[in-house]
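Participant: Below is query26.txt; it holds compact mmCIF, C-alpha atoms.
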```
# COMPACT_ATOMS: atom_id res chain seq x y z
CA VAL A 29 16.55 21.46 0.67
CA PHE A 30 18.04 24.89 1.38
CA TYR A 31 14.79 26.69 0.55
CA ALA A 32 12.74 24.15 2.50
CA VAL A 33 14.91 24.57 5.60
CA THR A 34 14.78 28.36 5.24
CA PHE A 35 11.00 28.50 4.96
CA VAL A 36 10.41 26.03 7.80
CA PHE A 37 12.88 27.76 10.12
CA GLY A 38 11.59 31.23 9.24
CA GLY A 39 7.99 30.18 9.74
CA ALA A 40 8.73 28.54 13.09
CA ALA A 41 10.73 31.55 14.31
CA LEU A 42 8.06 34.05 13.23
CA GLY A 43 5.22 31.90 14.61
CA LEU A 44 6.77 31.52 18.06
CA TYR A 45 7.58 35.21 18.22
CA TYR A 46 4.07 36.15 17.05
CA PHE A 47 2.49 34.19 19.93
CA SER A 48 4.69 35.97 22.49
CA GLU A 49 3.73 39.29 24.04
CA ASP A 50 6.19 41.26 21.95
CA THR A 51 4.99 43.36 19.06
CA ILE A 52 5.99 43.17 15.42
CA ASP A 53 6.27 46.35 13.36
CA MET A 54 5.26 46.24 9.72
CA VAL A 55 6.37 48.96 7.32
CA GLY A 56 5.78 48.76 3.59
CA GLY A 57 4.90 45.07 3.78
CA ILE A 58 8.14 44.24 5.65
CA PHE A 59 8.23 42.82 9.20
CA TYR A 60 10.64 44.48 11.64
CA ILE A 61 11.61 42.63 14.82
CA LYS A 62 13.90 44.39 17.28
CA ASN A 63 15.98 42.51 19.84
CA TYR A 64 14.82 39.04 18.84
CA PRO A 65 15.00 36.84 22.01
CA VAL A 66 17.67 34.13 21.97
CA LYS A 67 15.29 31.80 23.86
CA ILE A 68 12.70 31.93 21.05
CA LEU A 69 15.46 31.44 18.47
CA PHE A 70 16.56 28.27 20.29
CA PHE A 71 13.04 26.82 20.50
CA SER A 72 12.25 27.76 16.92
CA SER A 73 15.38 25.88 15.79
CA ILE A 74 14.22 22.75 17.61
CA LEU A 75 10.70 23.09 16.19
CA ALA A 76 12.07 23.61 12.67
CA ILE A 77 14.18 20.44 12.94
CA ILE A 78 11.19 18.39 14.14
CA LEU A 79 8.93 19.73 11.37
CA PHE A 80 11.52 19.23 8.66
CA ARG A 81 12.34 15.66 9.71
CA SER A 82 8.64 14.78 9.82
CA LEU A 83 7.98 16.25 6.38
CA TRP A 84 11.10 14.64 4.94
CA ASN A 85 10.07 11.17 6.21
CA ILE A 86 6.60 11.56 4.68
CA ILE A 87 8.04 12.65 1.31
CA ARG A 88 10.66 9.88 1.32
CA ASN A 89 8.13 7.17 2.21
CA ARG A 90 5.83 8.31 -0.60
CA GLN A 91 8.71 8.24 -3.09
CA ILE A 92 9.77 4.76 -1.97
CA ARG A 93 6.19 3.46 -2.17
CA THR A 94 5.73 4.94 -5.65
CA LYS A 95 8.83 3.08 -6.88
CA LEU A 96 7.40 -0.18 -5.52
CA LEU A 97 4.05 0.13 -7.31
CA TYR A 98 3.31 -1.94 -10.43
CA LYS A 99 0.37 -2.45 -12.75
CA LEU A 100 -0.95 -6.01 -12.99
CA VAL A 101 -3.31 -7.62 -15.49
CA ILE A 102 -4.83 -10.86 -14.19
CA GLU A 103 -6.53 -13.13 -16.75
CA PHE A 104 -8.87 -15.98 -15.87
CA ASP A 105 -11.52 -17.77 -17.96
CA SER A 106 -11.26 -15.26 -20.85
CA LYS A 107 -11.77 -12.36 -18.44
CA SER A 108 -9.23 -9.89 -17.10
CA VAL A 109 -8.81 -7.20 -14.45
CA ILE A 110 -6.19 -4.49 -13.97
CA VAL A 111 -4.96 -3.64 -10.45
CA SER A 112 -2.24 -1.55 -8.86
CA ALA A 113 0.10 -3.74 -6.81
CA LEU A 114 2.72 -3.05 -4.17
CA LEU A 115 5.92 -5.08 -4.07
CA ASP A 116 5.85 -6.59 -0.59
CA THR A 117 9.47 -7.45 0.22
CA GLY A 118 8.36 -9.30 3.36
CA ASN A 119 5.92 -11.51 1.48
CA ALA A 120 7.03 -15.16 1.57
CA LEU A 121 3.59 -16.63 0.80
CA CYS A 122 3.70 -19.64 -1.53
CA ASP A 123 1.23 -22.28 -2.69
CA PRO A 124 1.86 -25.40 -0.54
CA ILE A 125 1.23 -27.70 -3.54
CA SER A 126 3.16 -26.10 -6.41
CA HIS A 127 5.34 -23.79 -4.29
CA ALA A 128 4.45 -21.00 -6.71
CA PRO A 129 4.65 -17.44 -5.30
CA VAL A 130 1.31 -15.90 -4.32
CA ILE A 131 -0.06 -12.51 -5.37
CA VAL A 132 -2.61 -11.30 -2.82
CA VAL A 133 -5.51 -9.36 -4.39
CA GLU A 134 -8.55 -7.68 -2.87
CA TYR A 135 -11.78 -9.57 -3.53
CA GLN A 136 -13.62 -6.46 -4.71
CA GLN A 137 -11.03 -6.01 -7.47
CA ILE A 138 -10.93 -9.62 -8.63
CA LYS A 139 -14.54 -10.75 -8.21
CA SER A 140 -15.56 -10.01 -11.82
CA VAL A 141 -13.44 -12.93 -13.07
CA LEU A 142 -14.42 -15.45 -10.36
CA PRO A 143 -16.97 -18.26 -10.80
CA LEU A 144 -20.37 -17.71 -9.18
CA GLU A 145 -19.87 -20.35 -6.47
CA ILE A 146 -16.63 -18.69 -5.31
CA LYS A 147 -18.24 -15.26 -5.27
CA THR A 148 -21.01 -16.71 -3.08
CA ILE A 149 -18.43 -17.63 -0.42
CA PHE A 150 -17.01 -14.12 -0.24
CA ALA A 151 -20.37 -12.37 -0.52
CA SER A 152 -21.50 -14.20 2.63
CA GLN A 153 -18.06 -13.66 4.27
CA GLN A 154 -17.61 -17.40 4.76
CA GLU A 155 -14.09 -17.60 3.33
CA ASN A 156 -12.74 -18.75 6.72
CA ASN A 157 -15.30 -21.56 7.01
CA LEU A 158 -13.03 -24.36 5.82
CA GLU A 159 -15.77 -27.01 5.78
CA LEU A 160 -18.05 -24.86 3.60
CA VAL A 161 -15.23 -23.75 1.31
CA SER A 162 -13.98 -27.31 0.83
CA ARG A 163 -17.47 -28.53 -0.03
CA ILE A 164 -18.15 -25.75 -2.54
CA VAL A 165 -14.74 -25.96 -4.21
CA SER A 166 -14.87 -29.76 -4.46
CA ASN A 167 -18.19 -29.49 -6.33
CA SER A 168 -16.97 -26.74 -8.64
CA SER A 169 -15.89 -27.39 -12.22
CA TRP A 170 -12.84 -25.27 -11.39
CA ILE A 171 -11.61 -27.57 -8.60
CA GLY A 172 -8.27 -28.08 -10.36
CA ARG A 173 -7.60 -24.35 -10.42
CA PHE A 174 -8.40 -23.41 -6.82
CA ARG A 175 -6.20 -23.74 -3.75
CA MET A 176 -6.35 -23.28 0.02
CA ILE A 177 -3.29 -21.26 1.06
CA PRO A 178 -2.30 -21.13 4.75
CA TYR A 179 -0.73 -17.91 6.01
CA SER A 180 0.20 -16.22 9.26
CA SER A 181 0.20 -12.54 10.19
CA LEU A 182 0.04 -10.34 13.26
CA GLY A 183 -3.17 -11.12 15.10
CA LYS A 184 -3.92 -14.12 12.87
CA PRO A 185 -1.33 -16.90 13.18
CA ASN A 186 -3.44 -19.56 11.40
CA GLY A 187 -5.20 -17.82 8.53
CA MET A 188 -6.34 -19.34 5.24
CA LEU A 189 -6.71 -17.74 1.80
CA ILE A 190 -8.70 -19.06 -1.13
CA GLY A 191 -6.48 -18.87 -4.17
CA PHE A 192 -6.61 -19.80 -7.84
CA LYS A 193 -4.22 -20.34 -10.71
CA PRO A 194 -4.87 -17.67 -13.37
CA ASP A 195 -4.48 -18.19 -17.08
CA ARG A 196 -1.64 -15.69 -16.90
CA VAL A 197 -0.54 -12.50 -15.18
CA LEU A 198 1.03 -9.50 -16.90
CA ILE A 199 3.17 -7.04 -14.95
CA SER A 200 4.24 -3.63 -16.24
CA MET A 201 8.02 -3.28 -15.92
CA ASP A 202 10.35 -0.82 -17.65
CA GLU A 203 7.56 0.46 -19.95
CA SER A 204 6.79 -3.06 -21.21
CA TRP A 205 4.61 -5.99 -20.12
CA ARG A 206 6.21 -9.12 -18.68
CA VAL A 207 4.24 -12.39 -18.64
CA ILE A 208 4.10 -14.27 -15.32
CA ASN A 209 2.90 -17.86 -15.72
CA ASN A 210 3.88 -19.67 -12.52
CA THR A 211 1.93 -17.82 -9.84
CA ILE A 212 -1.17 -18.17 -7.66
CA VAL A 213 -3.63 -15.37 -6.89
CA GLY A 214 -4.78 -15.30 -3.26
CA ILE A 215 -8.11 -13.56 -2.57
CA TYR A 216 -8.30 -11.20 0.42
CA ASN A 217 -11.75 -10.03 1.51
CA GLN A 218 -10.60 -6.70 3.00
CA ARG A 219 -8.71 -3.60 1.90
CA LEU A 220 -4.95 -3.83 1.63
CA SER A 221 -4.35 -0.06 1.51
CA LYS A 222 -6.15 2.54 3.60
CA ASP A 223 -5.58 5.22 0.97
CA GLU A 224 -6.51 2.79 -1.86
CA GLN A 225 -3.16 3.39 -3.54
CA TYR A 226 -2.83 -0.30 -4.33
CA GLN A 227 -5.15 -3.33 -4.36
CA ALA A 228 -2.65 -6.19 -4.49
CA LEU A 229 0.62 -7.38 -2.95
CA ILE A 230 3.35 -8.87 -5.14
CA HIS A 231 5.68 -11.65 -4.02
CA PRO A 232 9.32 -10.51 -4.55
CA GLU A 233 10.16 -13.66 -6.55
CA ILE A 234 7.81 -12.51 -9.29
CA ILE A 235 9.98 -9.57 -10.34
CA ALA A 236 13.33 -11.23 -9.54
```
As structure tokens, what does this structure read like?
Facilitator:
Amino acid sequence: VFYAVTFVFGGAALGLYYFSEDTIDMVGGIFYIKNYPVKILFFSSILAIILFRSLWNIIRNRQIRTKLLYKLVIEFDSKSVIVSALLDTGNALCDPISHAPVIVVEYQQIKSVLPLEIKTIFASQQENNLELVSRIVSNSSWIGRFRMIPYSSLGKPNGMLIGFKPDRVLISMDESWRVINNTIVGIYNQRLSKDEQYQALIHPEIIA
């Protein structure tokens, strides 16, 4: 922290002074500044504080997010996928039938294990067409495994996710794999992370 503050403050002070009309002497690779203005020193201090707080928040947020990331293995119909998942502490999404906690996963990550009729719904972006979804799911041999999960979020107070009960879910915790049996996987047809750092959201009950 000491070195970071020193470098940020020194850089801000030198940068502000450099853009002023005063000259900087350089002898033997060393900068010499005579009569450094108190006004520039004051503004450079403020700039250094702003820069340091911004950088510190970015670093801290990245560290917190890294600690909340887990590896998941989702198994369904003798197939499996591995995804990176973020623990979403604000996630209270549960299956209305079994009340099992829901793991939300991007469609592009989970589609390889889905039945063809379900993939058809998402490929045509008709997952919000409840009449079509109900008709297709009711005619599927996997009708007992699929769910319609209501949810609400900012900008979408009455959303609906297609979900399914996997054979099992494995989560990497403390350098070992923990088996999660009572959970539902909700399929989301968009990206969950802009930087693609994770592809799923974990319900907090799952790691409790």
Participant: Rounded to one decimal in Å, what is the spacing between atom CA of A:Ile74 and atom CA of A:Phe30?
Facilitator: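 It comes out at 16.8 Å.
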Participant: Just give me the gap between atom CA of A:Gly172 and atom CA of A:Pro194 in Å, one decimal is fine.
Facilitator: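 One can read the atom CA of A:Gly172 to atom CA of A:Pro194 distance as 11.4 Å.
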Participant: Can you list, as an MDAnalysis selection string, every protein, DNA or RNA residue that comes within 12 Å of A:Phe70 when you count all atoms listed in the file, leaving out same-chain residues fewer than 5 positions away?
Facilitator: chainID A and resid 37 40:41 44:45 64:65 75:77
Participant: Save out the residues we just selected, C-alpha atoms, as an mmCIF file, in the frame of the given file.
Facilitator:
```cif
data_model
loop_
_atom_site.group_PDB
_atom_site.id
_atom_site.type_symbol
_atom_site.label_atom_id
_atom_site.label_comp_id
_atom_site.auth_asym_id
_atom_site.auth_seq_id
_atom_site.Cartn_x
_atom_site.Cartn_y
_atom_site.Cartn_z
ATOM 1 C CA PHE A 37 12.880 27.760 10.120
ATOM 2 C CA ALA A 40 8.730 28.540 13.090
ATOM 3 C CA ALA A 41 10.730 31.550 14.310
ATOM 4 C CA LEU A 44 6.770 31.520 18.060
ATOM 5 C CA TYR A 45 7.580 35.210 18.220
ATOM 6 C CA TYR A 64 14.820 39.040 18.840
ATOM 7 C CA PRO A 65 15.000 36.840 22.010
ATOM 8 C CA LEU A 75 10.700 23.090 16.190
ATOM 9 C CA ALA A 76 12.070 23.610 12.670
ATOM 10 C CA ILE A 77 14.180 20.440 12.940
#
```
Participant: Using only C-alpha atoms, collect all residues at a distance of at most 12 Å from (-3.8, 2.1, -5.6) as written in the file, then present them as an MDAnalysis selection string.
Facilitator: chainID A and resid 93:94 96:100 110:114 133:134 137 219:229
Participant: So the first atom is atom CA of A:Ser200 and the second is atom CA of A:Pro232; what is the distance between them in Å, to one decimal place?
Facilitator: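 The value is 14.5 Å.
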Participant: Taking only C-alpha atoms into account, which of A:Thr117, A:Val101, A:Gln218, A:Ser108 comes nearest A:Arg206?
Facilitator: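 Among the listed residues, the smallest separation from A:Arg206 belongs to A:Val101.
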Participant: With distances taken over all atoms listed in the file, which of A:Val130, A:Val197, A:Ile230, A:Ile212 is nearest to A:Val109?
Facilitator: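 Result for the nearest residue to A:Val109: A:Val197.
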Participant: Pick out the closest residue to A:Val36 from this set: A:Ile199, A:Leu83, A:Ile58, A:Ile138. Count all atoms listed in the file.
Facilitator: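 That would be A:Leu83, the residue with the smallest distance to A:Val36.
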Participant: Extract, using all atoms listed in the file, all DNA, RNA and protein residues at most 12 Å from stretch 158-171 of chain A, discarding same-chain residues fewer than 5 positions from it, and format them as a list in words.
Facilitator: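 Selected residues are Phe104, Asp105, Leu142, Pro143, Leu144, Glu145, Ile146, Lys147, Thr148, Ile149, Phe150, Ser152, Gln153, Met176, Ile177, Pro178, Gly187, Met188, Leu189, Ile190, Gly191, Phe192, Lys193 and Pro194 of chain A.
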Participant: For the residues in that selection, give me C-alpha atoms as a PDB file, in the frame of the given file.
Facilitator:
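And here's selection-v5.pdb as it stands now:
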```
ATOM      1  CA  PHE A 104      -8.870 -15.980 -15.870  1.00  0.00           C
ATOM      2  CA  ASP A 105     -11.520 -17.770 -17.960  1.00  0.00           C
ATOM      3  CA  LEU A 142     -14.420 -15.450 -10.360  1.00  0.00           C
ATOM      4  CA  PRO A 143     -16.970 -18.260 -10.800  1.00  0.00           C
ATOM      5  CA  LEU A 144     -20.370 -17.710  -9.180  1.00  0.00           C
ATOM      6  CA  GLU A 145     -19.870 -20.350  -6.470  1.00  0.00           C
ATOM      7  CA  ILE A 146     -16.630 -18.690  -5.310  1.00  0.00           C
ATOM      8  CA  LYS A 147     -18.240 -15.260  -5.270  1.00  0.00           C
ATOM      9  CA  THR A 148     -21.010 -16.710  -3.080  1.00  0.00           C
ATOM     10  CA  ILE A 149     -18.430 -17.630  -0.420  1.00  0.00           C
ATOM     11  CA  PHE A 150     -17.010 -14.120  -0.240  1.00  0.00           C
ATOM     12  CA  SER A 152     -21.500 -14.200   2.630  1.00  0.00           C
ATOM     13  CA  GLN A 153     -18.060 -13.660   4.270  1.00  0.00           C
ATOM     14  CA  MET A 176      -6.350 -23.280   0.020  1.00  0.00           C
ATOM     15  CA  ILE A 177      -3.290 -21.260   1.060  1.00  0.00           C
ATOM     16  CA  PRO A 178      -2.300 -21.130   4.750  1.00  0.00           C
ATOM     17  CA  GLY A 187      -5.200 -17.820   8.530  1.00  0.00           C
ATOM     18  CA  MET A 188      -6.340 -19.340   5.240  1.00  0.00           C
ATOM     19  CA  LEU A 189      -6.710 -17.740   1.800  1.00  0.00           C
ATOM     20  CA  ILE A 190      -8.700 -19.060  -1.130  1.00  0.00           C
ATOM     21  CA  GLY A 191      -6.480 -18.870  -4.170  1.00  0.00           C
ATOM     22  CA  PHE A 192      -6.610 -19.800  -7.840  1.00  0.00           C
ATOM     23  CA  LYS A 193      -4.220 -20.340 -10.710  1.00  0.00           C
ATOM     24  CA  PRO A 194      -4.870 -17.670 -13.370  1.00  0.00           C
TER      25      PRO A 194
END
```
Participant: Let me make sure I understand: among A:Ile235, A:Ser204, A:Phe71, A:Arg175, which one has the smallest atom-to-atom distance to A:Leu115 if we use all atoms listed in the file?
Facilitator: A:Ile235
Participant: Extract, using all atoms listed in the file, all DNA, RNA and protein residues at most 10 Å from A:Thr211, discarding same-chain residues fewer than 6 positions from it, and format them as JSON, numbers by chain.
Facilitator: {"A": [122, 123, 126, 127, 128, 129, 130, 131, 192, 193, 194, 195, 196, 197, 231, 233, 234]}
Participant: My list of candidates is A:Phe47, A:Ile208, A:Asn156, A:Leu42. Which is closest to A:Tyr60 when distances are computed with only C-alpha atoms?
Facilitator: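 Nearest to A:Tyr60: A:Leu42.
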Participant: Taking into account all atoms listed in the file, which residue in the set A:Ala236, A:Val29, A:Ala120, A:Ile102 is nearest to A:Tyr179?
Facilitator: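 Once distances to A:Tyr179 are computed over all atoms listed in the file, the minimum belongs to A:Ala120.
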